[in-house]
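*Asks:* Below: one structure in structure tokens.
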Amino acid sequence: DSPSSHRDVLFPANGRFVMQEMFDIDWIRLRNGRLYEGNGSQTSQWHGEGAPLLAVGDGTVVRAVDGKPEWAPAPFGKAIVRTADDFAGNYVVVRIRRGVYAVYAHVRPGTVRVKVGQRVRTGQRLGELGNSCNTDAPHLHFGIHDGPNPLTSNSLPYEFDRFRFAGVGELQEGSPGQAALAPDIPLTGAPRRMRRTYPLTNAVVNFRSDTAPRR
């Protein structure tokens with residue numbers, strides 16, 4: 001498995017170093033093996049844009065940020081990060097048990113449906129997948145952390161009950177006049193069902209009817 005850029009992030013926070021992204025996953029939605037239609041210059045052309053983001057477990061909302069802008073995918077737009085809180089864009093953090101928090105980042109502006117202090121149930125809609133702030137294309141940055149602040153907490157390991165592995169996707173650079181990533185994702189590897197495990201870099205997996213590669 002090729003290393004993920006998330007594995008290498010070491011961040012100083014409050015007098016210590018934290019591994020804030022080690023087990024976090026960037027989820028990008030595919031449809032018929034494609035990331036987007038057209039040239040990918042508009043977020044609406046990407047198949048993940050607007051996909052519902054659902055709570056992975058029961059819990060209490062401890063952070064809910066909305067109103068930050070969404071950018072056109074790279075290279076047609078460039079995110080501007082003015083403060084540390086801009087890295088996650090619009091985001092939701094749910095405390096699912098003591099010392100364990102689910103983080104959903106880069107949410108589409110105007111779609112956050114929850115507020116701080118609200119109790120949520122597994123499968124409840126929290127917002128929609130988007131491209132807000134520090135991101136090059138519509139995707140969900142998701143992780144389980146040991147604290148409520150995504151920038152100052154450690155990413156924790158976790159696993160999925162089940163999913164179907166479709167293959168390893170090859171991310172390719174886009175052509176001139178096209179988004180930074182080419183739309184087609186060629187697959188290698190044998191499809192198979194997986195249980196109680198974690199998808200590795202660039203795995204393309206099926207959860208029910210949705211297909212998403214992990215970066």
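Here, A, B, ... name the chains of the structure tokens in the order displayed, residue numbers run from 1 inside each chain, and ligands are numbered from 1 in the same displayed order.
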Would you mind listing what lies within 7 Å of range 42-52 of chain A as a list in words, with only C-alpha atoms counted and same-chain residues fewer than 3 positions away left out?

*Replies:*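 Once the adjacent positions are removed, what remains is Ile28, Arg29, Leu30, Arg31, Leu35, Tyr36, Glu37, Gly38, Ala72, Pro73, Arg108, Arg125, Gly127, Glu128, Leu129, Gly130, Pro138 and His139 of chain A.
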
*Asks:* Could you give me, as a Markdown table, a per-residue list for range 71-115 of chain A showing, wherever an atom lies at most 9 Å from an atom of range 170-185 of chain A, the closest pair of atoms and their distance in Å to one decimal, using only C-alpha atoms and sorting by chain then residue number from low to high?

*Replies:*
| residue | atom | partner | partner_atom | distance |
| --- | --- | --- | --- | --- |
| A:Pro73 | CA | A:Ala179 | CA | 6.6 |
| A:Ala74 | CA | A:Ala180 | CA | 5.6 |
| A:Pro75 | CA | A:Ala180 | CA | 5.9 |
| A:Phe76 | CA | A:Ala179 | CA | 7.3 |

*Asks:* I need the residues from that last selection saved to file as a short mmCIF file (atom, residue, chain, number, x, y, z; two decimals), in the first residue's frame (with N, CA and C atoms), if you can.

*Replies:*
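Below is the file that was written, out.cif:
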data_model
loop_
_atom_site.label_atom_id
_atom_site.label_comp_id
_atom_site.auth_asym_id
_atom_site.auth_seq_id
_atom_site.Cartn_x
_atom_site.Cartn_y
_atom_site.Cartn_z
N PRO A 73 -13.25 23.61 -7.90
CA PRO A 73 -12.17 22.63 -7.82
C PRO A 73 -10.88 23.16 -8.46
N ALA A 74 -9.74 22.69 -7.95
CA ALA A 74 -8.45 23.06 -8.53
C ALA A 74 -8.34 22.51 -9.96
N PRO A 75 -7.70 23.26 -10.87
CA PRO A 75 -7.02 24.55 -10.70
C PRO A 75 -7.92 25.75 -10.98
N PHE A 76 -9.23 25.54 -11.05
CA PHE A 76 -10.15 26.64 -11.37
C PHE A 76 -10.41 27.54 -10.16
#

*Asks:* Got a sec: who's within 10 Å of Arg193 in chain A, counting only C-alpha atoms, leaving out chain neighbours fewer than 2 positions off, as a count of residues only?

*Replies:* 9

*Asks:* Do you have the CA of Asn131 in chain A-CA of Arg7 in chain A distance handy?

*Replies:*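 The value is 21.8 Å.
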
*Asks:* Within 10 Å of Gly189 in chain A, counting only C-alpha atoms, which residues show up once you throw out same-chain ones fewer than 3 positions away? Write them as a list of chain:residue names, please.

*Replies:*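 Residues near the query, excluding close chain neighbours: A:Phe165, A:Ala166, A:Gly167, A:Val168, A:Gly169, A:Arg192, A:Ala203.
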
*Asks:* Tell me which of A:Tyr158, A:Gly57, A:Thr83, A:Leu10 sits closest to Arg95 in chain A, counting only C-alpha atoms.

*Replies:*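 Once distances to Arg95 in chain A are computed over only C-alpha atoms, the minimum belongs to A:Gly57.
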
*Asks:* Which residues, written as an MDAnalysis selection string, have at least one atom at most 8 Å from Pro148 in chain A, with only C-alpha atoms counted and residues fewer than 4 positions away on the same chain left out?

*Replies:* chainID A and resid 62:63 93:95 101 153

*Asks:* If I take CA of Val120 in chain A and CA of Asn154 in chain A, how far is one from the other in Å, to one decimal?

*Replies:*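 Separation between CA of Val120 in chain A and CA of Asn154 in chain A: 23.0 Å.
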
*Asks:* Between A:Asn90, A:Thr188, A:Gln124, A:Asn202, which has the minimum distance to His141 in chain A (counting only C-alpha atoms)?

*Replies:*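 Using only C-alpha atoms, His141 in chain A sits closest to A:Asn90.
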
*Asks:* Extract, using only C-alpha atoms, all DNA, RNA and protein residues at most 7 Å from Ala88 in chain A, discarding same-chain residues fewer than 6 positions from it, and format them as a list in words.

*Replies:*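 These residues fall inside the cut-off: Ala105, His106, Cys133 and Asn134 of chain A.
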
*Asks:* As an exercise, work out the distance from CA of Asp58 in chain A to CA of Ala102 in chain A in Å and give it to one decimal place.

*Replies:*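 Separation between CA of Asp58 in chain A and CA of Ala102 in chain A: 10.3 Å.
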
*Asks:* I need the residues in range 8-164 of chain A that are strand (DSSP E) according to DSSP; give them as a ChimeraX atom specification.

*Replies:* /A:11-13,16-18,25-27,52-54,59-65,90-97,100-107,119-120,125-128,140-145,155-156,160-164

*Asks:* Identify which of the residues A:Asp8, A:Asp136, A:Asp85, A:Glu21 lies closest to Leu156 in chain A, counting only C-alpha atoms when measuring atom-to-atom distances.

*Replies:*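 Among the listed residues, the smallest separation from Leu156 in chain A belongs to A:Glu21.
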
*Asks:* Using only C-alpha atoms, which protein or nucleic acid residues come within 6 Å of Phe142 in chain A? Drop anything in the same chain fewer than 4 positions from it, and give the result as a CSV table (one decimal) with N, CA and C atoms, in the first residue's frame.

*Replies:*
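Result file around-v9.csv:
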chain,number,residue,atom,x,y,z
A,24,ASP,N,-7.3,9.4,9.3
A,24,ASP,CA,-8.4,10.1,8.6
A,24,ASP,C,-8.5,9.7,7.2
A,25,ILE,N,-9.7,9.7,6.6
A,25,ILE,CA,-9.9,9.3,5.2
A,25,ILE,C,-10.5,10.5,4.4
A,103,VAL,N,-15.4,13.3,13.2
A,103,VAL,CA,-15.2,14.6,12.6
A,103,VAL,C,-15.6,14.5,11.1
A,104,TYR,N,-16.4,15.5,10.6
A,104,TYR,CA,-16.8,15.5,9.3
A,104,TYR,C,-16.5,16.9,8.7
